[in-house]
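Pasted below: structure-v2.txt, compact mmCIF, C-alpha atoms and all ligand atoms.
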```
# COMPACT_ATOMS: atom_id res chain seq x y z
CA MET A 1 0.00 0.00 0.00
CA SER A 2 1.32 3.40 -0.93
CA GLN A 3 1.76 6.14 1.65
CA PHE A 4 0.25 8.72 -0.67
CA LYS A 5 -3.22 10.03 -1.15
CA LEU A 6 -4.78 12.79 -3.19
CA GLY A 7 -5.21 16.09 -1.39
CA ALA A 8 -8.33 18.23 -1.49
CA LYS A 9 -6.93 20.43 -4.28
CA SER A 10 -6.07 17.41 -6.40
CA LEU A 11 -9.53 15.96 -5.92
CA LYS A 12 -11.07 19.26 -6.94
CA GLU A 13 -8.97 19.26 -10.12
CA LEU A 14 -10.54 15.91 -11.01
CA ASP A 15 -14.01 17.46 -11.10
CA GLY A 16 -15.34 17.17 -14.64
CA VAL A 17 -12.60 14.76 -15.75
CA HIS A 18 -13.72 11.58 -17.55
CA PRO A 19 -14.38 8.78 -15.00
CA ASP A 20 -12.00 6.34 -16.73
CA LEU A 21 -9.14 8.78 -16.28
CA VAL A 22 -10.18 9.59 -12.71
CA ALA A 23 -10.12 5.86 -11.94
CA VAL A 24 -6.57 5.58 -13.30
CA VAL A 25 -5.39 8.55 -11.21
CA ARG A 26 -7.00 7.15 -8.06
CA ARG A 27 -5.40 3.75 -8.61
CA ALA A 28 -2.04 5.33 -9.47
CA ILE A 29 -1.86 7.26 -6.18
CA ALA A 30 -2.38 3.96 -4.34
CA LEU A 31 0.47 2.30 -6.28
CA THR A 32 3.01 5.07 -6.67
CA VAL A 33 6.37 5.32 -4.93
CA GLN A 34 6.46 9.04 -5.80
CA GLY A 35 3.82 11.43 -4.48
CA PHE A 36 2.06 13.65 -6.98
CA ALA A 37 -0.58 16.34 -7.20
CA VAL A 38 -3.19 16.81 -9.90
CA LEU A 39 -2.35 20.34 -11.00
CA ASP A 40 -4.67 20.47 -13.94
CA GLY A 41 -7.67 18.46 -14.97
CA LEU A 42 -10.51 20.22 -16.69
CA ARG A 43 -9.44 23.60 -18.06
CA SER A 44 -11.52 26.53 -19.23
CA VAL A 45 -10.97 28.15 -22.62
CA GLU A 46 -9.64 31.25 -20.83
CA GLU A 47 -7.11 29.21 -18.86
CA GLN A 48 -6.01 27.43 -22.01
CA LYS A 49 -5.56 30.73 -23.87
CA ARG A 50 -3.27 31.93 -21.10
CA MET A 51 -1.27 28.71 -21.22
CA VAL A 52 -0.78 28.91 -24.97
CA ALA A 53 0.23 32.59 -24.67
CA SER A 54 2.84 31.68 -22.04
CA GLY A 55 4.16 28.71 -24.06
CA ALA A 56 3.09 26.19 -21.41
CA SER A 57 0.80 24.58 -23.97
CA GLN A 58 0.98 24.43 -27.73
CA THR A 59 -2.64 24.03 -28.71
CA MET A 60 -6.14 25.37 -28.26
CA ASP A 61 -7.22 21.82 -29.15
CA SER A 62 -6.11 20.58 -25.70
CA ARG A 63 -7.71 17.49 -24.20
CA HIS A 64 -7.89 19.42 -20.92
CA LEU A 65 -10.74 21.48 -22.38
CA SER A 66 -12.98 18.41 -22.66
CA GLY A 67 -11.98 16.69 -19.40
CA HIS A 68 -9.87 14.03 -21.14
CA ALA A 69 -6.47 14.99 -19.68
CA VAL A 70 -4.71 15.41 -16.35
CA ASP A 71 -1.32 16.77 -15.29
CA LEU A 72 0.27 14.77 -12.49
CA VAL A 73 3.16 16.76 -11.05
CA PRO A 74 5.68 15.32 -8.59
CA TRP A 75 5.08 16.59 -5.08
CA VAL A 76 8.33 16.88 -3.17
CA ASN A 77 8.60 18.41 0.30
CA GLY A 78 5.27 20.15 -0.04
CA LYS A 79 5.98 21.66 -3.47
CA PRO A 80 5.34 20.76 -7.11
CA ARG A 81 8.58 19.84 -8.86
CA TRP A 82 9.01 19.36 -12.62
CA GLU A 83 11.85 16.84 -12.49
CA TRP A 84 12.26 13.85 -14.74
CA GLY A 85 13.34 11.30 -12.13
CA PRO A 86 10.13 11.61 -10.10
CA ILE A 87 8.07 12.02 -13.29
CA TYR A 88 9.27 8.60 -14.51
CA ARG A 89 8.20 6.94 -11.25
CA ILE A 90 4.75 8.50 -11.52
CA ALA A 91 4.53 7.28 -15.11
CA ASP A 92 5.31 3.75 -13.87
CA ALA A 93 2.37 3.87 -11.46
CA VAL A 94 0.04 5.39 -14.05
CA ARG A 95 0.91 2.68 -16.57
CA ILE A 96 0.31 -0.14 -14.08
CA ALA A 97 -3.01 1.41 -13.08
CA ALA A 98 -4.06 1.92 -16.70
CA ARG A 99 -3.24 -1.71 -17.53
CA GLU A 100 -5.19 -3.02 -14.56
CA LEU A 101 -8.20 -0.92 -15.52
CA GLN A 102 -7.66 -1.47 -19.26
CA VAL A 103 -7.69 2.23 -20.08
CA PRO A 104 -5.61 3.26 -23.12
CA LEU A 105 -3.52 6.38 -22.43
CA ARG A 106 -1.33 8.82 -24.29
CA TRP A 107 1.58 10.27 -22.37
CA GLY A 108 2.79 13.81 -22.97
CA ALA A 109 6.40 12.62 -23.06
CA ALA A 110 5.82 10.28 -26.05
CA TRP A 111 2.75 11.47 -27.90
CA ASP A 112 2.92 8.95 -30.74
CA ILE A 113 2.55 5.68 -28.82
CA ASP A 114 -0.05 3.81 -26.78
CA PHE A 115 1.52 4.31 -23.36
CA THR A 116 -0.65 1.72 -21.60
CA ALA A 117 0.53 -0.99 -24.01
CA SER A 118 4.18 0.11 -24.00
CA GLN A 119 6.83 -2.13 -22.48
CA SER A 120 10.03 -0.11 -22.08
CA LEU A 121 11.05 1.91 -19.04
CA PRO A 122 9.55 5.40 -19.13
CA GLU A 123 13.04 6.94 -19.41
CA ASN A 124 13.72 4.86 -22.56
CA ILE A 125 10.31 5.65 -24.03
CA VAL A 126 11.10 9.35 -23.75
CA SER A 127 14.58 9.10 -25.24
CA ASP A 128 13.23 6.95 -28.10
CA TYR A 129 10.50 9.50 -28.75
CA ALA A 130 12.96 12.39 -28.78
CA ALA A 131 15.16 10.42 -31.22
CA ARG A 132 12.20 9.74 -33.55
CA ARG A 133 11.33 13.44 -33.57
CA ARG A 134 14.95 14.43 -34.26
CA LYS A 135 15.10 11.96 -37.13
CA ALA A 136 11.94 13.52 -38.58
CA GLY A 137 13.55 16.96 -38.23
CA LYS A 138 11.05 18.01 -35.59
CA LYS A 139 11.27 19.29 -32.06
CA ALA A 140 10.03 17.05 -29.27
CA PHE A 141 7.50 18.81 -27.04
CA LEU A 142 7.91 16.87 -23.79
CA ASP A 143 5.20 17.22 -21.18
CA GLY A 144 5.99 14.51 -18.65
CA PRO A 145 3.16 15.22 -16.18
CA HIS A 146 0.49 15.05 -18.91
CA PHE A 147 -1.70 11.97 -19.50
CA GLU A 148 -4.76 11.87 -21.72
CA LEU A 149 -7.41 9.56 -23.14
CA PRO A 150 -6.89 9.09 -26.90
CA LYS A 151 -9.30 11.05 -29.06
CA ALA A 152 -9.95 8.12 -31.38
CA LEU A 153 -11.44 6.09 -28.51
CA TYR A 154 -12.78 8.95 -26.37
CA PRO A 155 -14.10 11.58 -28.77
ZN ZN B 201 -1.63 18.60 -19.62
```
Please lay out the structure from this file as structure tokens.
Ligand SMILES: [Zn+2]
Amino acid sequence: MSQFKLGAKSLKELDGVHPDLVAVVRRAIALTVQGFAVLDGLRSVEEQKRMVASGASQTMDSRHLSGHAVDLVPWVNGKPRWEWGPIYRIADAVRIAARELQVPLRWGAAWDIDFTASQSLPENIVSDYAARRRKAGKKAFLDGPHFELPKALYP
């Protein structure tokens, strides 16, 4: 049993998020070795506009607008920390939870694969993704805390 649980703010962020994704987040917090907070679930159009303007997001077509995405940020010593080590451990827990619950997920650190079905370590998935993007002459937009339900299956 994990020592972590979702705080009141995290639970509030899950309001309006698709129940399949909420179930994954709730299972992941029970499994994880790294604490996390839900910093963003459902987002308003105004919030999304601000995020695009600041460069924190790249699209007005975000899955956060429809309640199909969450950002799970490492929580370290009472603060959110965007660090890859802890992000990988959260990704481990999310993937185990998603497999158990049979929920397909996309991960913001490797947008082009089915993360739930993936087999490699999260750190290798990210480096492989970055290499694929480089090879295609494109920049890799890496958003490690972001998980979403695929549009094809959850329109
Ligand atoms: Zn996100």
Go through chain A and flag each residue having an atom no more than 8 Å from ligand ZN 201 (chain B); for those, report the closest pair of atoms plus their distance in Å to one decimal, using all atoms listed in the file, ordered by chain and rising number, as CSV.
```
residue,atom,partner,partner_atom,distance
A:Asp40,CA,B:ZN201,ZN,6.7
A:Gly41,CA,B:ZN201,ZN,7.6
A:Ser57,CA,B:ZN201,ZN,7.8
A:Ser62,CA,B:ZN201,ZN,7.8
A:Arg63,CA,B:ZN201,ZN,7.7
A:His64,CA,B:ZN201,ZN,6.4
A:Ala69,CA,B:ZN201,ZN,6.0
A:Val70,CA,B:ZN201,ZN,5.5
A:Asp71,CA,B:ZN201,ZN,4.7
A:Gly108,CA,B:ZN201,ZN,7.3
A:Asp143,CA,B:ZN201,ZN,7.1
A:Pro145,CA,B:ZN201,ZN,6.8
A:His146,CA,B:ZN201,ZN,4.2
A:Phe147,CA,B:ZN201,ZN,6.6
A:Glu148,CA,B:ZN201,ZN,7.7
```
Which neighbours of Ser66 in chain A fall inside 12 Å, counting all atoms listed in the file, when residues of the same chain fewer than 3 positions from it are skipped, and could you give them as a PyMOL selection string? chain A and resi 15-18+41-45+48+60-63+69-70+148-151+154-155
Distance criterion (only C-alpha atoms): nearest to Ala91 in chain A out of A:Asp20, A:Glu123, A:Glu13, A:Glu46: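 Nearest to Ala91 in chain A: A:Glu123.
Ranking A:Pro86, A:His68, A:Asp92, A:Leu14 by their shortest atom-to-atom distance to Leu153 in chain A, with only C-alpha atoms included, puts A:His68 first.
The closest residue to Lys79 in chain A, picked from A:Phe115, A:Ala93, A:Gly35, A:Ala110 and counting only C-alpha atoms, is A:Gly35.
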So, with only C-alpha atoms as the atoms that count, which of A:Pro74, A:Gly7, A:Pro104, A:Gly55 lies closest to Leu21 in chain A?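 Ranked by minimum distance to Leu21 in chain A, first place goes to A:Pro104.
Straight-line separation from CA of Thr116 in chain A to CA of Ala30 in chain A: 17.5 Å.
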Select, from A:Ile29, A:Ala37, A:Ser118, A:Ala23, the residue with the minimum atom-to-atom distance to Gly78 in chain A, counting all atoms listed in the file. A:Ala37
Restricting the calculation to all atoms listed in the file, which member of A:Ala109, A:Leu72, A:Ile87, A:Val103 is positioned closest to Tyr129 in chain A?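 Answer, going by the shortest atom-to-atom distance: A:Ala109.
Reported to one decimal place, the separation of CA of Lys49 in chain A from CA of Val76 in chain A is 28.5 Å.
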Using only C-alpha atoms, which residues sit within 12 Å of Leu6 in chain A once same-chain residues fewer than 3 positions away are excluded, as number ranges by chain? A: 2-3, 9-14, 22, 25-30, 32, 35-39, 72-73, 75
Starting from 3 Å padding per side, set up an axis-aligned box that covers all listed atoms of range 45-53 of chain A and hand over centre and edge lengths in Å, one decimal, as AutoDock Vina command-line options.
```
--center_x -5.4 --center_y 30.0 --center_z -21.9 --size_x 17.2 --size_y 11.2 --size_z 12.1
```
